[in-house]
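Enquirer: So here's upload_15.txt, just compact mmCIF, C-alpha atoms and all ligand atoms:
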```txt
# COMPACT_ATOMS: atom_id res chain seq x y z
CA MET R 1 0.00 0.00 0.00
CA LYS R 2 1.24 3.50 -0.80
CA THR R 3 1.39 5.82 2.22
CA ILE R 4 1.49 9.56 2.77
CA LEU R 5 5.31 9.24 2.83
CA ASP R 6 5.21 7.86 -0.73
CA PHE R 7 3.07 10.79 -1.92
CA SER R 8 5.53 13.21 -0.35
CA LYS R 9 8.43 11.38 -2.03
CA MET R 10 6.61 11.49 -5.36
CA LYS R 11 6.42 15.28 -5.09
CA THR R 12 10.13 15.49 -4.28
CA ASN R 13 10.96 13.21 -7.22
CA LYS R 14 8.60 15.13 -9.51
CA GLU R 15 6.64 11.95 -10.17
CA LYS R 16 3.02 12.81 -10.94
CA ILE R 17 0.33 11.45 -8.62
CA SER R 18 -2.89 9.96 -10.03
CA MET R 19 -6.13 9.78 -8.05
CA LEU R 20 -9.57 8.56 -9.17
CA THR R 21 -12.86 8.55 -7.34
CA CYS R 22 -14.17 5.12 -6.44
CA TYR R 23 -17.48 4.39 -4.76
CA ASP R 24 -18.09 0.64 -4.84
CA TYR R 25 -16.63 -2.86 -4.50
CA TRP R 26 -16.87 -3.61 -8.22
CA SER R 27 -14.86 -0.63 -9.46
CA ALA R 28 -12.48 -0.82 -6.46
CA LYS R 29 -11.54 -4.36 -7.50
CA LEU R 30 -10.78 -3.16 -11.01
CA LEU R 31 -8.88 -0.03 -9.93
CA SER R 32 -6.84 -1.95 -7.38
CA SER R 33 -5.32 -3.89 -10.26
CA SER R 34 -4.55 -0.64 -12.15
CA ASP R 35 -1.60 1.71 -11.62
CA VAL R 36 -3.67 4.49 -10.00
CA ASP R 37 -1.89 5.82 -6.89
CA LEU R 38 -4.83 6.47 -4.57
CA LEU R 39 -8.61 6.26 -4.49
CA LEU R 40 -11.07 8.92 -3.38
CA VAL R 41 -14.46 8.05 -1.96
CA GLY R 42 -15.67 11.55 -2.84
CA ASP R 43 -18.97 12.95 -1.64
CA SER R 44 -19.70 13.31 -5.36
CA VAL R 45 -21.04 9.78 -4.73
CA ALA R 46 -24.27 11.50 -3.67
CA MET R 47 -24.66 12.88 -7.21
CA VAL R 48 -23.06 10.16 -9.32
CA MET R 49 -24.46 7.08 -7.56
CA HIS R 50 -27.52 8.38 -5.71
CA GLY R 51 -28.81 10.98 -8.19
CA TYR R 52 -28.86 14.01 -5.85
CA SER R 53 -28.38 17.40 -7.49
CA ASP R 54 -25.42 18.31 -5.25
CA THR R 55 -23.13 16.79 -2.61
CA LEU R 56 -24.98 18.24 0.39
CA SER R 57 -27.06 15.09 0.87
CA ALA R 58 -24.01 12.90 1.53
CA THR R 59 -24.01 11.66 5.13
CA THR R 60 -21.44 9.95 7.31
CA ASP R 61 -23.42 6.70 7.01
CA MET R 62 -23.46 6.99 3.20
CA MET R 63 -19.71 7.74 3.07
CA GLY R 64 -18.98 4.92 5.52
CA LEU R 65 -20.95 2.36 3.52
CA HIS R 66 -19.20 3.27 0.26
CA THR R 67 -15.80 3.38 1.99
CA SER R 68 -16.25 -0.11 3.38
CA ALA R 69 -17.26 -1.45 -0.07
CA VAL R 70 -14.19 0.18 -1.64
CA ARG R 71 -11.92 -1.17 1.10
CA LYS R 72 -13.22 -4.71 0.45
CA GLY R 73 -12.49 -4.36 -3.27
CA ALA R 74 -9.14 -2.63 -2.81
CA PRO R 75 -7.62 -4.06 0.39
CA SER R 76 -4.20 -2.57 -0.23
CA SER R 77 -5.03 0.84 -1.69
CA PHE R 78 -4.67 4.21 0.04
CA ILE R 79 -8.28 5.40 0.29
CA VAL R 80 -9.27 8.98 1.07
CA THR R 81 -12.88 9.59 2.14
CA ASP R 82 -14.68 12.94 2.03
CA VAL R 83 -16.03 14.37 5.27
CA PRO R 84 -19.66 15.30 4.44
CA PHE R 85 -21.02 18.86 4.42
CA MET R 86 -21.16 20.46 7.91
CA GLU R 87 -19.83 17.37 9.72
CA PHE R 88 -16.57 19.20 10.44
CA ARG R 89 -18.49 22.11 12.03
CA LYS R 90 -19.91 20.01 14.84
CA SER R 91 -18.50 19.71 18.35
CA LYS R 92 -15.05 18.21 18.79
CA SER R 93 -16.46 14.95 20.15
CA GLU R 94 -18.90 14.63 17.24
CA VAL R 95 -16.13 15.30 14.67
CA VAL R 96 -13.96 12.70 16.41
CA GLU R 97 -16.81 10.18 16.16
CA THR R 98 -17.32 10.96 12.43
CA ALA R 99 -13.58 10.55 11.78
CA ARG R 100 -13.53 7.31 13.80
CA LYS R 101 -16.48 5.86 11.86
CA LEU R 102 -14.98 6.68 8.45
CA MET R 103 -11.53 5.37 9.39
CA ALA R 104 -13.10 2.21 10.88
CA ALA R 105 -15.01 1.75 7.61
CA GLY R 106 -11.67 1.49 5.84
CA ALA R 107 -10.46 4.99 4.99
CA SER R 108 -6.71 5.63 5.11
CA GLY R 109 -7.30 9.38 5.37
CA LEU R 110 -10.04 12.01 5.19
CA LYS R 111 -10.61 15.01 2.90
CA VAL R 112 -12.04 18.25 4.26
CA GLU R 113 -13.32 21.07 2.04
CA GLY R 114 -12.25 24.64 2.84
CA ALA R 115 -9.80 26.18 5.29
CA LEU R 116 -11.72 29.02 6.95
CA GLY R 117 -12.84 27.87 10.39
CA ASN R 118 -11.47 24.34 9.91
CA LEU R 119 -7.79 24.75 10.80
CA GLU R 120 -7.95 24.03 14.51
CA MET R 121 -10.06 20.91 13.99
CA ILE R 122 -7.77 19.70 11.18
CA ARG R 123 -4.76 20.03 13.50
CA PHE R 124 -6.62 18.11 16.23
CA ILE R 125 -7.70 15.30 13.86
CA VAL R 126 -4.18 15.05 12.37
CA ASP R 127 -2.72 14.91 15.88
CA SER R 128 -5.18 12.09 16.61
CA GLY R 129 -3.57 9.98 13.88
CA VAL R 130 -5.75 10.69 10.86
CA PRO R 131 -4.09 11.85 7.61
CA VAL R 132 -6.08 14.84 6.29
CA MET R 133 -6.20 16.08 2.70
CA GLY R 134 -7.29 19.71 2.19
CA HIS R 135 -9.48 20.96 -0.67
CA LEU R 136 -9.48 24.56 -1.94
CA GLY R 137 -10.70 26.49 -4.99
CA LEU R 138 -14.09 25.27 -6.13
CA THR R 139 -15.33 23.49 -3.04
CA PRO R 140 -18.62 21.88 -4.21
CA GLN R 141 -20.09 21.72 -0.70
CA MET R 142 -20.10 25.55 -0.81
CA HIS R 143 -21.70 25.98 -4.25
CA ASN R 144 -24.61 27.94 -2.76
CA GLN R 145 -22.17 30.37 -1.18
CA LEU R 146 -19.98 30.53 -4.31
CA GLY R 147 -22.93 31.23 -6.62
CA GLY R 148 -22.54 28.01 -8.61
CA TYR R 149 -19.87 25.72 -9.96
CA LYS R 150 -17.38 28.09 -11.57
CA VAL R 151 -13.68 28.79 -11.81
CA GLN R 152 -12.46 30.33 -8.55
CA ALA R 153 -9.81 32.91 -7.59
CA ARG R 154 -9.64 34.87 -10.82
CA LYS R 155 -9.07 38.17 -8.96
CA GLN R 156 -5.74 39.13 -7.40
CA ALA R 157 -7.15 39.44 -3.86
CA GLU R 158 -8.84 36.02 -4.13
CA GLN R 159 -5.57 34.51 -5.35
CA GLU R 160 -3.68 35.97 -2.38
CA ALA R 161 -6.33 34.61 0.00
CA LEU R 162 -6.16 31.13 -1.59
CA LYS R 163 -2.35 31.04 -1.35
CA GLU R 164 -2.58 32.00 2.32
CA GLN R 165 -5.20 29.31 3.01
CA ALA R 166 -3.11 26.68 1.21
CA LEU R 167 -0.19 27.48 3.51
CA GLN R 168 -2.45 27.41 6.56
CA LEU R 169 -3.70 23.94 5.59
CA GLN R 170 -0.12 22.73 5.18
CA ASN R 171 0.78 24.20 8.57
CA ALA R 172 -2.29 22.57 10.15
CA GLY R 173 -0.84 19.21 9.12
CA CYS R 174 -2.58 18.32 5.83
CA PHE R 175 -0.57 15.73 3.89
CA ALA R 176 -1.89 16.87 0.49
CA LEU R 177 -4.21 19.41 -1.07
CA VAL R 178 -6.84 19.13 -3.81
CA LEU R 179 -7.05 22.31 -5.87
CA GLU R 180 -10.24 22.44 -7.92
CA CYS R 181 -11.00 24.76 -10.83
CA VAL R 182 -8.53 27.61 -10.35
CA PRO R 183 -6.47 29.31 -13.06
CA ALA R 184 -3.48 27.18 -14.11
CA ALA R 185 -0.93 29.91 -13.26
CA LEU R 186 -2.23 30.15 -9.69
CA ALA R 187 -2.19 26.35 -9.32
CA LYS R 188 1.42 26.33 -10.51
CA GLU R 189 2.39 28.97 -7.94
CA VAL R 190 0.65 27.13 -5.08
CA THR R 191 2.24 23.82 -6.16
CA GLN R 192 5.71 25.38 -6.19
CA HIS R 193 5.27 27.07 -2.80
CA LEU R 194 3.86 24.13 -0.87
CA GLN R 195 5.90 21.23 0.45
CA ILE R 196 2.87 18.92 0.38
CA PRO R 197 1.59 17.45 -2.92
CA VAL R 198 -1.08 19.45 -4.75
CA ILE R 199 -3.54 17.33 -6.72
CA GLY R 200 -5.44 19.31 -9.31
CA ILE R 201 -8.80 19.00 -11.01
CA GLY R 202 -9.50 21.64 -13.62
CA SER R 203 -6.38 23.47 -12.41
CA GLY R 204 -3.87 22.88 -15.19
CA SER R 205 -0.89 20.62 -15.73
CA ASP R 206 1.61 21.97 -13.20
CA CYS R 207 0.05 20.41 -10.10
CA ASP R 208 1.83 17.45 -8.52
CA GLY R 209 -0.99 15.18 -9.61
CA GLN R 210 -4.45 14.98 -11.12
CA VAL R 211 -7.79 13.63 -9.94
CA LEU R 212 -10.91 12.84 -11.96
CA VAL R 213 -14.28 11.35 -11.16
CA LEU R 214 -14.07 7.75 -12.44
CA GLN R 215 -17.39 7.95 -14.30
CA ASP R 216 -16.26 11.16 -16.08
CA MET R 217 -12.94 9.56 -16.99
CA LEU R 218 -14.82 6.55 -18.43
CA GLY R 219 -17.30 8.69 -20.37
CA ALA R 220 -20.18 7.13 -18.43
CA ASN R 221 -22.16 10.34 -18.23
CA SER R 222 -22.95 11.58 -21.74
CA ASP R 223 -24.74 14.76 -20.58
CA PHE R 224 -21.90 16.05 -18.33
CA LYS R 225 -18.65 17.14 -19.98
CA PRO R 226 -16.89 20.10 -18.36
CA LYS R 227 -13.85 21.53 -20.16
CA PHE R 228 -11.34 19.95 -17.76
CA VAL R 229 -12.58 16.36 -18.12
CA ARG R 230 -10.85 13.92 -20.44
CA SER R 231 -12.93 10.82 -21.16
CA TYR R 232 -10.81 7.81 -22.07
CA GLU R 233 -13.73 5.59 -23.09
CA ARG R 234 -17.35 5.94 -24.17
CA PHE R 235 -18.75 3.81 -21.38
CA SER R 236 -22.33 5.09 -21.72
CA GLU R 237 -22.45 3.97 -25.36
CA LEU R 238 -20.87 0.64 -24.43
CA VAL R 239 -23.47 -0.08 -21.74
CA VAL R 240 -26.49 0.92 -23.89
CA SER R 241 -25.16 -1.07 -26.83
CA ALA R 242 -24.50 -4.18 -24.68
CA ALA R 243 -27.98 -3.91 -23.11
CA ASN R 244 -29.62 -3.60 -26.55
CA HIS R 245 -27.61 -6.54 -27.83
CA PHE R 246 -28.84 -8.63 -24.87
CA VAL R 247 -32.47 -7.58 -25.55
CA GLU R 248 -32.09 -8.49 -29.23
CA ASP R 249 -30.75 -11.96 -28.35
CA VAL R 250 -33.56 -12.55 -25.83
CA LYS R 251 -36.23 -11.51 -28.35
CA ASP R 252 -34.88 -13.62 -31.21
CA LYS R 253 -34.28 -16.52 -28.78
CA SER R 254 -30.57 -16.79 -29.59
CA PHE R 255 -29.88 -16.36 -25.85
CA PRO R 256 -29.53 -18.68 -24.04
CA SER R 257 -27.91 -21.11 -26.45
CA GLU R 258 -27.34 -24.82 -25.83
CA ARG R 259 -23.96 -24.00 -24.29
CA GLU R 260 -25.61 -21.68 -21.79
CA MET R 261 -28.17 -24.23 -20.54
CA TYR R 262 -28.03 -27.12 -18.08
CA THR R 263 -29.01 -30.40 -19.64
O1 LIG H 301 -16.12 14.44 -4.30
C1 LIG H 301 -15.30 14.43 -5.23
O2 LIG H 301 -15.42 13.68 -6.21
C2 LIG H 301 -14.16 15.33 -5.14
C3 LIG H 301 -13.26 15.43 -6.33
C4 LIG H 301 -13.92 16.18 -7.42
C5 LIG H 301 -11.95 16.03 -5.99
O3 LIG H 301 -13.98 15.97 -4.16
```
I'd like the structure from this file rewritten - as structure tokens, please.

Expert:
Amino acid sequence: MKTILDFSKMKTNKEKISMLTCYDYWSAKLLSSSDVDLLLVGDSVAMVMHGYSDTLSATTDMMGLHTSAVRKGAPSSFIVTDVPFMEFRKSKSEVVETARKLMAAGASGLKVEGALGNLEMIRFIVDSGVPVMGHLGLTPQMHNQLGGYKVQARKQAEQEALKEQALQLQNAGCFALVLECVPAALAKEVTQHLQIPVIGIGSGSDCDGQVLVLQDMLGANSDFKPKFVRSYERFSELVVSAANHFVEDVKDKSFPSEREMYT
């Protein structure tokens, strides 16, 4: 299993880090036999797998259930699990219980969106033995506050604030940082200034690594294609075509054949 020390080494050696989201046993089994460096049980699971319109409906129970499925499919992968919306704003003992549940479900570390108001709790959770990954830029849990899903930190003052928050997260003990949808030049600057690895999504090529949602990377969602996504397959077409082929064979009675029956 790769560890946070390996990710740090990869940054030092300028070896790019690859992360994909993973929500279930089936895909975890497949990804664990791939070369991907770490898996993210993102709260995007609420949208991608449960059909909610945003990530705010993800709960600790939902994240725990998906984490435990991923852990079963990928027993030796480093798995990061998202802390759901508002869970990190609860009392210290409640946050500790959330962190305990997600780690017991199989997470190797947790991801927390945003820096403002979270730093003290991040330090406490890190000191309790939990690797924490930060997340700045477009933080989807805050889309109502941000006025939608759009590129962040275009203005000078916003860029200065983001750089400051990135440093604060590093100082609070985060082992890595996700930087989502910020201008590439800003991502490059943050990546160069931080000692911890910066994993980008929609933030250009100079980050220490890249993350994509697995279903976007597979082309499983034909009606969602933001500029920063590269789809390596056309999974949606593959699934519809296979399903139609099956229906055809059932209707014309070519399935099941003799070979597919018990005599
Ligand atoms: O929940 C998620 O999938 C994420 C990635 C987009 C980084 O946080």

Enquirer: Write out as CSV the residues of chain R that have any atom within 10 Å of an atom of ligand LIG 301 (chain H), one row each with the nearest atom pair and its distance in Å to one decimal, counting only C-alpha atoms and all ligand atoms, sorted by chain and then rising number.

Expert:
```
residue,atom,partner,partner_atom,distance
R:Met19,CA,H:LIG301,C5,8.8
R:Leu20,CA,H:LIG301,C3,8.3
R:Thr21,CA,H:LIG301,O2,5.8
R:Cys22,CA,H:LIG301,O2,8.7
R:Tyr23,CA,H:LIG301,O2,9.6
R:Leu40,CA,H:LIG301,O2,7.0
R:Val41,CA,H:LIG301,O1,7.0
R:Gly42,CA,H:LIG301,O1,3.3
R:Asp43,CA,H:LIG301,O1,4.2
R:Ser44,CA,H:LIG301,O1,3.9
R:Val45,CA,H:LIG301,O1,6.8
R:Ala46,CA,H:LIG301,O1,8.7
R:Met47,CA,H:LIG301,O1,9.2
R:Val48,CA,H:LIG301,O2,9.0
R:Thr55,CA,H:LIG301,O1,7.6
R:Ala58,CA,H:LIG301,O1,9.9
R:Val80,CA,H:LIG301,O3,9.9
R:Thr81,CA,H:LIG301,O1,8.7
R:Asp82,CA,H:LIG301,O1,6.7
R:Val83,CA,H:LIG301,O1,9.6
R:Pro84,CA,H:LIG301,O1,9.5
R:Lys111,CA,H:LIG301,O3,7.9
R:Val112,CA,H:LIG301,O3,8.9
R:Glu113,CA,H:LIG301,O3,8.1
R:Gly134,CA,H:LIG301,O3,10.0
R:His135,CA,H:LIG301,O3,7.6
R:Leu136,CA,H:LIG301,C5,9.8
R:Leu138,CA,H:LIG301,C4,9.2
R:Thr139,CA,H:LIG301,O3,7.7
R:Pro140,CA,H:LIG301,O3,7.5
R:Gln141,CA,H:LIG301,O1,9.0
R:Leu177,CA,H:LIG301,C5,9.8
R:Val178,CA,H:LIG301,C5,6.4
R:Leu179,CA,H:LIG301,C5,8.0
R:Glu180,CA,H:LIG301,C5,6.9
R:Cys181,CA,H:LIG301,C4,9.7
R:Ile199,CA,H:LIG301,C5,8.5
R:Gly200,CA,H:LIG301,C5,8.0
R:Ile201,CA,H:LIG301,C5,6.6
R:Gly202,CA,H:LIG301,C4,9.4
R:Gln210,CA,H:LIG301,C5,9.1
R:Val211,CA,H:LIG301,C5,6.2
R:Leu212,CA,H:LIG301,C4,6.4
R:Val213,CA,H:LIG301,O2,5.6
R:Leu214,CA,H:LIG301,O2,8.7
```

Enquirer: Quick one: of R:Asp252, R:Arg71, R:Met121, R:Phe78, who's nearest to Ser91 of chain R, counting only C-alpha atoms?

Expert: R:Met121

Enquirer: Could you please determine the separation between atom CA of Phe85 of chain R and atom CA of Leu169 of chain R in Å, to one decimal place?

Expert: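 Distance between the two atoms: 18.1 Å.
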
Enquirer: Write out as a PyMOL selection string which residues come within 10 Å of segment 100-105 of chain R when counting only C-alpha atoms, dropping same-chain ones fewer than 2 positions away.

Expert: chain R and resi 60-72+79-83+94-98+107-110+125+130

Enquirer: From the options R:Met49, R:Ile17, R:Val198, R:Leu116, which residue's atoms come nearest to Val36 of chain R, counting only C-alpha atoms?

Expert: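 Nearest to Val36 of chain R: R:Ile17.
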
Enquirer: Which residues, written as a PyMOL selection string, have at least one atom at most 12 Å from Ser34 of chain R, with all atoms listed in the file counted and residues fewer than 4 positions away on the same chain left out?

Expert: chain R and resi 18-20+27-30+38-39+74+77

Enquirer: For atom CA of Pro131 of chain R and atom CA of Ser76 of chain R, determine how far apart the two atoms are, in Å to one decimal place.

Expert: 16.4 Å

Enquirer: Calculate how many Å separate atom CA of Cys174 of chain R from atom CA of Val132 of chain R, rounding to one decimal.

Expert: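 About the pair atom CA of Cys174 of chain R and atom CA of Val132 of chain R: they are 5.0 Å apart.
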
Enquirer: For segment 238-251 of chain R, work out the shell of residues within 12 Å, counting all atoms listed in the file and skipping chain neighbours fewer than 4 positions away, then give it as a list in words.

Expert: Leu218, Gly219, Ala220, Asn221, Ser222, Glu233, Arg234, Phe255, Pro256 and Ser257 of chain R
